[in-house]
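Encoded as C-alpha cells, the structure appears first; notes follow it.
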Amino acid sequence: MAQSLSVQLTFEGFCPVSEAVEHLANEGGIEQRGAIYTKREVVDFILDLVGYTTDQPLDQYCLLEPSFGDGDFILPAIERLLTAAQRTFGGMTVEKLAPAIRGVELHGETFERNRQSVRSLMMVQGVSERDADALLNIWFRRGDFLLCDFDQDFTHIVGNPPYVRQEAIPGVLMSEYRQRYSTIYDRADIYVPFIEQSLRLLGPEGKLSFICADRWMKNRYGRKLRELVSKAYHLISYIDMVGTDAFHSEVSAYPAITVIGRKAPGEVSDTTRVFARPKIDRKTLGKLARELAAPKLKSSSDIREIERIAVGGEPWILEDFDALALVHRLKAELPTIEEAGCKVGIGVATGADEAFIADFEELDVESSRKLPLVMTKDILEGHVQWRGRGVINPFGDDGKLVRLEDFPKFKTYLEDRFEQIGKRHVATKSPQNWYRTIDRIYPELAAREKLLIPDIKGDASIVYEGGKLYPHHNLYFIMSDTWDVRALQAVMRSGIARLFVSLYSTKMRGGYLRFQAQYLRRIRLPHWKNVNEATRAQLKRYAETGDYCQELNEIVAGLYSLSADETALIERAPKL
C-alpha cells in the first residue's frame, strides 16, 4: 500500500520560513542550490553498491532520492524498477509501483523539467499515460527535504546532496534547520543535515549511499554527524574518489562515496571496506561493486578491511595506516603543541576588508588605531615580504571598543565608511558596537615573534615573522613562551607538521591541504626543557639558514625517537 510523504512549504504563523523556502525554490541558481551533477557510471555504481539491482524484487523496496535535481539518480533507479517489475505478474500496476520510489526536489523549474523526463521514460517503458501521471503524483514532491515529514522508512537512500554553505541560506530558514537537526555544528555545509535526515529515515536493513565532499569525515563541523554514525550506524564501505572524474563539472573539495547502514541489534563487528580512486568506467566499477558486496574478500583483493573507523566524534582516518600508527604512538608519548607551551590561533576577520584595510601609511587615523597587517599574499618564497597594508583597530588595550569621541580622526574615518561597515551582521546584531571587527584585535600579537601558516597553499609554508605585523584572516599563527620560535619553525618544516595535518585535514583539488588551527593543534611536540642544547642549536641553525635537507630529518628523528621506518614517513611528507 502506498504511503504518503508530506512536504511543508508553509508554516502557519511563521511566514518568514515559508518565504525563504519559496525564494530558494523559485529563484536559486545552480550555484546557490549547490547542484553538482554525477556521471551515469558513478550513479550505476552506487545503485549496485546498495543492492538496488534488477535481479532484486525492487517493487518490494522503497528508494528515496532526497534532492533529485536533474534526475541523475532517480532516472536510473526508475529504469531499474520498471525493468524488474516487468518480470513480475501485475508488477507494472500503480498499486504495485506506488510505494517503490520517493523523490524530493526544491527548485521549481528543475522539478517540472525532470518530472516530464521521468514521465517520458515511463511511457517508453510501457506505462500508460494515466498510470504515469498517477505514479508521479505519488513519487515526486516539490519541497525542502529538510522540512519534509515522512510516515515511512526506506530500504535504499541514494544521491548527491547539495553543496550549500550556511551563508547562502536565509537566516530564518537556517534557524529552523538548527532546531530540527542536531548535527548542524559550527560552519557545517547543508549536506550535513541532509545526511542526518537520511540516516534517520533508513529502515532496519536499509542502506544509504551518497557521493559528497569528504570534509565532514575529518573536519570540526562534522563532529556531531560522526558521533551519530558511530552510535547507531555502520560504515559499510568507503570509496575515495580523489582525482576521479565523478562529476560533470569540477569541484574544489574531494568527494567520497560512503555506504552506511543501521547497526543490527547486538552487532559487534564494525568493519569497513575501503578502496581508493577507482577508474571511472562501467566495467571497472561494476566489478568493484560486486567485490565490495561479496560476503568475503579474496586474498588477492585490493580492497582493505579496517576495524572501528567510526569512534565517537573522532576524525575518520581512511588512508596511510603506517603514518596513522606513528601518529598514535606520538599521541601516547608526547603533549600537544599547545600543552608544550605554544599558542595556535588565526588572524583577524573584519567583515568588511575594503573599509578596515588599506595602505598603512594612507590610513588617516591616530597611530594607536592602526596596525601593520600581514596577509597571505605577503608570504613569498618561504618568508614575509610585507606589501605595506594595514588594519584599523577599534579595540583599546583593555580589550574593549574605544570611544570614538576620544579619537576624532578614527571617528571620521569610520563614519565616512558607515555604509560598508554598518550593514555587516556583527553590526546589525549590536548597533551600539557597529564599528567593531568580527574578531577582537589584540595589538600585542603584532609585537610577538611568531610562525605564520597560510590556510590553503600548494607549496604550503611555515614562515617566521619577527614581531612587527598583525596576521590577517586565512593566516594561522603559532607563538610560544617556552619554545624558541626559530627552532620550532625547523621542527614544523621537517615533515612532522604535514604528517599530522595530512591525516586529519581534508584535501582540496590539486592536493592542497587545509592548514587550520583544528589540525595544527593535533601536532605533538616535546617540551622545550627536554630538548638538549646540541639539538636546540642545530634546529635554530637550520631555521635561520633555510637549509632543509636530509640532516634536519635526522635531527628531528632523534628529537622524536623515530625508527628508520618512521623517519622515512616524515621524509616522504613534502617539506613546508
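Scheme for the C-alpha cells: letters A, B, ... for chains in order shown; per-chain residue numbers from 1; ligand numbers from 1 in order shown.
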
Using only C-alpha atoms, which residues sit within 12 Å of region 375-386 of chain A once same-chain residues fewer than 6 positions away are excluded, as an MDAnalysis selection string? chainID A and resid 346:349 353 357:360 450:457 459:477 489 493 543:548 575:576

Any idea what's packed within 12 Å of Gly51 (chain A), counting only C-alpha atoms, ignoring anything in its chain fewer than 6 positions away? Could you give it as a short mmCIF file (atom, residue, chain, number, x, y, z; two decimals) with N, CA, C and O atoms, in the first residue's frame?
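Wrote it out as part.cif, contents follow:
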data_model
loop_
_atom_site.label_atom_id
_atom_site.label_comp_id
_atom_site.auth_asym_id
_atom_site.auth_seq_id
_atom_site.Cartn_x
_atom_site.Cartn_y
_atom_site.Cartn_z
N ASP A 44 25.31 4.36 -11.43
CA ASP A 44 25.08 2.92 -11.51
C ASP A 44 25.90 2.16 -10.48
O ASP A 44 25.44 1.18 -9.88
N PHE A 45 27.12 2.61 -10.25
CA PHE A 45 27.99 2.01 -9.24
C PHE A 45 27.35 2.11 -7.85
O PHE A 45 27.32 1.13 -7.09
N PRO A 57 13.79 -7.91 -6.06
CA PRO A 57 12.37 -7.54 -6.13
C PRO A 57 12.17 -6.06 -5.82
O PRO A 57 11.71 -5.68 -4.74
N LEU A 58 12.54 -5.21 -6.76
CA LEU A 58 12.57 -3.77 -6.50
C LEU A 58 11.20 -3.19 -6.19
O LEU A 58 11.10 -2.15 -5.51
N TYR A 61 10.80 -2.89 -2.54
CA TYR A 61 11.68 -1.95 -1.85
C TYR A 61 11.07 -0.54 -1.92
O TYR A 61 10.13 -0.28 -2.66
N LEU A 63 12.81 3.26 -2.39
CA LEU A 63 14.03 4.06 -2.58
C LEU A 63 13.70 5.55 -2.49
O LEU A 63 12.72 6.01 -3.05
N ALA A 77 17.29 4.79 -11.32
CA ALA A 77 16.59 3.95 -10.34
C ALA A 77 15.23 3.52 -10.89
O ALA A 77 14.83 2.35 -10.75
N ARG A 80 15.59 0.87 -13.51
CA ARG A 80 15.81 -0.45 -12.90
C ARG A 80 14.51 -0.99 -12.31
O ARG A 80 14.22 -2.19 -12.44
N THR A 155 14.25 1.46 2.32
CA THR A 155 15.24 0.38 2.19
C THR A 155 16.52 0.89 1.52
O THR A 155 17.60 0.35 1.77
N HIS A 156 16.39 1.90 0.68
CA HIS A 156 17.53 2.44 -0.05
C HIS A 156 17.40 3.96 -0.13
O HIS A 156 16.33 4.47 -0.48
N ILE A 157 18.50 4.65 0.18
CA ILE A 157 18.55 6.11 0.01
C ILE A 157 19.85 6.42 -0.72
O ILE A 157 20.93 6.01 -0.26
N VAL A 158 19.75 7.10 -1.85
CA VAL A 158 20.93 7.37 -2.66
C VAL A 158 20.88 8.81 -3.15
O VAL A 158 19.82 9.43 -3.19
N GLU A 205 17.16 -2.70 7.81
CA GLU A 205 18.22 -3.25 6.98
C GLU A 205 18.51 -2.34 5.78
O GLU A 205 19.10 -2.77 4.79
N GLY A 206 18.13 -1.09 5.89
CA GLY A 206 18.31 -0.15 4.79
C GLY A 206 19.75 0.27 4.62
O GLY A 206 20.58 0.15 5.54
N LYS A 207 20.05 0.80 3.43
CA LYS A 207 21.40 1.29 3.13
C LYS A 207 21.31 2.68 2.51
O LYS A 207 20.48 2.95 1.65
N LEU A 208 22.20 3.52 2.98
CA LEU A 208 22.33 4.89 2.46
C LEU A 208 23.66 4.99 1.74
O LEU A 208 24.70 4.62 2.29
N SER A 209 23.66 5.51 0.52
CA SER A 209 24.91 5.77 -0.18
C SER A 209 24.84 7.12 -0.86
O SER A 209 24.01 7.34 -1.75
N VAL A 259 28.82 4.03 2.05
CA VAL A 259 27.64 3.18 2.22
C VAL A 259 27.48 2.98 3.72
O VAL A 259 28.39 2.49 4.39
N GLY A 286 31.56 -1.83 -12.07
CA GLY A 286 30.67 -2.97 -11.84
C GLY A 286 31.38 -4.09 -11.10
O GLY A 286 30.83 -4.68 -10.16
N ALA A 289 31.97 -3.01 -7.42
CA ALA A 289 30.74 -3.08 -6.63
C ALA A 289 30.47 -4.51 -6.18
O ALA A 289 30.11 -4.75 -5.01
N ARG A 290 30.64 -5.46 -7.09
CA ARG A 290 30.42 -6.87 -6.72
C ARG A 290 31.41 -7.33 -5.67
O ARG A 290 31.06 -8.06 -4.73
N LEU A 292 33.03 -5.40 -3.44
CA LEU A 292 32.74 -4.73 -2.16
C LEU A 292 31.56 -5.38 -1.44
O LEU A 292 31.50 -5.39 -0.21
N ALA A 293 30.61 -5.91 -2.20
CA ALA A 293 29.41 -6.51 -1.61
C ALA A 293 29.57 -8.00 -1.32
O ALA A 293 28.67 -8.60 -0.73
N ALA A 294 30.69 -8.60 -1.73
CA ALA A 294 30.88 -10.04 -1.54
C ALA A 294 30.94 -10.40 -0.05
O ALA A 294 31.44 -9.61 0.76
#

Got a sec: who's within 10 Å of region 434-449 of chain A, counting only C-alpha atoms, leaving out chain neighbours fewer than 5 positions off, as a VMD selection string? chain A and resid 346 to 353 356 368 to 374 391 to 402 404 411 414 to 415 417 to 418 421 to 429 464 to 471 473 477 to 481 484 to 486

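Taking only C-alpha atoms into account, Asn160 (chain A) lies nearest to A:Ile46 out of the set A:Met217, A:Lys96, A:Ile46, A:Thr53.
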
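Of the residues under consideration (A:Val242, A:Val127, A:Val104, A:Leu324), A:Val104 shows the shortest atom-to-atom contact distance to Phe73 (chain A) when counting only C-alpha atoms.
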
Quick one: pick out all strand (DSSP E) residues within region 138-372 of chain A from a backbone DSSP run and write them as JSON, numbers by chain. {"A": [140, 141, 142, 148, 149, 150, 154, 155, 156, 157, 158, 159, 202, 203, 204, 205, 206, 207, 208, 209, 210, 211, 212, 213, 233, 234, 235, 236, 237, 238, 239, 240, 255, 256, 257, 258, 259, 260, 261, 262, 271, 272, 273, 274, 275, 276, 304, 305, 306, 307, 342, 343, 344, 345, 346, 357, 358, 359, 370, 371, 372]}

Near-region 280-284 of chain A list (12 Å; only C-alpha atoms; drop same-chain fewer than 5 positions) as number ranges by chain: A: 38-46, 48, 241-247, 289-291

Which neighbours of Pro315 (chain A) fall inside 12 Å, counting only C-alpha atoms, when residues of the same chain fewer than 4 positions from it are skipped, and could you give them as number ranges by chain? A: 214-227, 229-230, 308-311, 319, 324, 501-506, 518-519, 522

Output the selection as an mmCIF file, in the first residue's frame - N, CA and C atoms for each residue.
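Generated output (out27.cif):
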data_model
loop_
_atom_site.group_PDB
_atom_site.id
_atom_site.type_symbol
_atom_site.label_atom_id
_atom_site.label_comp_id
_atom_site.auth_asym_id
_atom_site.auth_seq_id
_atom_site.Cartn_x
_atom_site.Cartn_y
_atom_site.Cartn_z
ATOM 1 N N ASP A 214 34.162 15.005 1.275
ATOM 2 C CA ASP A 214 34.615 14.203 2.417
ATOM 3 C C ASP A 214 34.952 15.055 3.638
ATOM 4 N N ARG A 215 34.698 16.360 3.591
ATOM 5 C CA ARG A 215 35.119 17.260 4.673
ATOM 6 C C ARG A 215 34.548 16.858 6.029
ATOM 7 N N TRP A 216 33.285 16.434 6.039
ATOM 8 C CA TRP A 216 32.629 16.143 7.324
ATOM 9 C C TRP A 216 33.273 14.958 8.031
ATOM 10 N N MET A 217 34.017 14.131 7.309
ATOM 11 C CA MET A 217 34.616 12.947 7.907
ATOM 12 C C MET A 217 35.826 13.285 8.780
ATOM 13 N N LYS A 218 36.386 14.466 8.586
ATOM 14 C CA LYS A 218 37.553 14.871 9.373
ATOM 15 C C LYS A 218 37.379 16.228 10.040
ATOM 16 N N ASN A 219 36.584 17.094 9.422
ATOM 17 C CA ASN A 219 36.533 18.483 9.837
ATOM 18 C C ASN A 219 35.820 18.673 11.170
ATOM 19 N N ARG A 220 36.072 19.816 11.774
ATOM 20 C CA ARG A 220 35.436 20.155 13.044
ATOM 21 C C ARG A 220 33.913 20.133 12.917
ATOM 22 N N TYR A 221 33.389 20.691 11.817
ATOM 23 C CA TYR A 221 31.936 20.801 11.714
ATOM 24 C C TYR A 221 31.242 19.462 11.506
ATOM 25 N N GLY A 222 31.989 18.404 11.199
ATOM 26 C CA GLY A 222 31.384 17.095 11.034
ATOM 27 C C GLY A 222 31.342 16.255 12.293
ATOM 28 N N ARG A 223 31.813 16.817 13.401
ATOM 29 C CA ARG A 223 31.966 16.015 14.623
ATOM 30 C C ARG A 223 30.658 15.390 15.089
ATOM 31 N N LYS A 224 29.584 16.157 15.126
ATOM 32 C CA LYS A 224 28.317 15.620 15.630
ATOM 33 C C LYS A 224 27.721 14.570 14.690
ATOM 34 N N LEU A 225 27.941 14.741 13.392
ATOM 35 C CA LEU A 225 27.475 13.728 12.456
ATOM 36 C C LEU A 225 28.284 12.446 12.613
ATOM 37 N N ARG A 226 29.591 12.572 12.829
ATOM 38 C CA ARG A 226 30.412 11.378 13.068
ATOM 39 C C ARG A 226 29.975 10.665 14.341
ATOM 40 N N GLU A 227 29.622 11.432 15.353
ATOM 41 C CA GLU A 227 29.127 10.831 16.601
ATOM 42 C C GLU A 227 27.839 10.053 16.348
ATOM 43 N N VAL A 229 26.837 8.631 13.505
ATOM 44 C CA VAL A 229 27.165 7.407 12.773
ATOM 45 C C VAL A 229 27.781 6.373 13.713
ATOM 46 N N SER A 230 28.697 6.819 14.550
ATOM 47 C CA SER A 230 29.376 5.899 15.470
ATOM 48 C C SER A 230 28.400 5.231 16.432
ATOM 49 N N ARG A 308 36.688 -0.425 13.145
ATOM 50 C CA ARG A 308 36.386 0.722 14.001
ATOM 51 C C ARG A 308 36.950 2.046 13.466
ATOM 52 N N ILE A 309 36.555 2.372 12.258
ATOM 53 C CA ILE A 309 36.897 3.691 11.722
ATOM 54 C C ILE A 309 36.112 4.776 12.447
ATOM 55 N N ALA A 310 34.827 4.501 12.684
ATOM 56 C CA ALA A 310 33.956 5.492 13.322
ATOM 57 C C ALA A 310 33.959 5.266 14.829
ATOM 58 N N VAL A 311 34.654 6.146 15.549
ATOM 59 C CA VAL A 311 34.735 6.056 17.003
ATOM 60 C C VAL A 311 34.380 7.426 17.577
ATOM 61 N N GLU A 319 43.232 6.329 5.278
ATOM 62 C CA GLU A 319 44.368 6.149 4.376
ATOM 63 C C GLU A 319 45.656 6.223 5.173
ATOM 64 N N LEU A 324 49.425 6.686 10.341
ATOM 65 C CA LEU A 324 48.492 6.748 11.459
ATOM 66 C C LEU A 324 49.062 6.046 12.688
ATOM 67 N N VAL A 501 48.911 16.979 9.838
ATOM 68 C CA VAL A 501 47.858 17.701 9.123
ATOM 69 C C VAL A 501 47.291 16.868 7.989
ATOM 70 N N SER A 502 48.147 16.122 7.283
ATOM 71 C CA SER A 502 47.667 15.351 6.136
ATOM 72 C C SER A 502 46.720 14.240 6.546
ATOM 73 N N LEU A 503 46.874 13.719 7.770
ATOM 74 C CA LEU A 503 45.970 12.673 8.240
ATOM 75 C C LEU A 503 44.608 13.228 8.625
ATOM 76 N N TYR A 504 44.607 14.399 9.236
ATOM 77 C CA TYR A 504 43.362 14.933 9.789
ATOM 78 C C TYR A 504 42.685 15.974 8.913
ATOM 79 N N SER A 505 43.420 16.550 7.977
ATOM 80 C CA SER A 505 42.855 17.608 7.139
ATOM 81 C C SER A 505 42.125 17.019 5.946
ATOM 82 N N THR A 506 41.135 17.763 5.465
ATOM 83 C CA THR A 506 40.527 17.439 4.183
ATOM 84 C C THR A 506 41.383 18.050 3.076
ATOM 85 N N GLN A 518 42.425 23.755 13.945
ATOM 86 C CA GLN A 518 41.946 22.482 14.486
ATOM 87 C C GLN A 518 42.882 21.334 14.147
ATOM 88 N N TYR A 519 43.595 21.424 13.012
ATOM 89 C CA TYR A 519 44.545 20.384 12.632
ATOM 90 C C TYR A 519 45.921 20.654 13.238
ATOM 91 N N ARG A 522 46.618 19.389 16.703
ATOM 92 C CA ARG A 522 46.815 17.950 16.901
ATOM 93 C C ARG A 522 48.287 17.543 16.862
#

So that I can see what lies close to Asp153 (chain A), please list as a PDB file with C-alpha atoms, in the first residue's frame the residues with an atom at most 8 Å from it, counting only C-alpha atoms and leaving out residues fewer than 2 positions away in the same chain.
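Now in around30.pdb:
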ATOM      1  CA  PHE A 150       7.745  11.202   6.248  1.00  0.00           C
ATOM      2  CA  ASP A 151       5.457   8.498   7.594  1.00  0.00           C
ATOM      3  CA  THR A 155      15.240   0.380   2.185  1.00  0.00           C
ATOM      4  CA  LEU A 201      14.827   7.520   7.576  1.00  0.00           C
ATOM      5  CA  LEU A 202      16.661   4.231   6.996  1.00  0.00           C
ATOM      6  CA  GLY A 203      14.739   1.047   7.710  1.00  0.00           C
TER       7      GLY A 203
END

Have a look at CA of Val94 (chain A) and CA of Cys148 (chain A) and let me know their distance in Å, one decimal.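 Result for CA of Val94 (chain A) versus CA of Cys148 (chain A): 23.6 Å, one decimal.
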
If I take CA of Cys342 (chain A) and CA of Ile496 (chain A), how far is one from the other in Å, to one decimal?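 The value is 15.7 Å.
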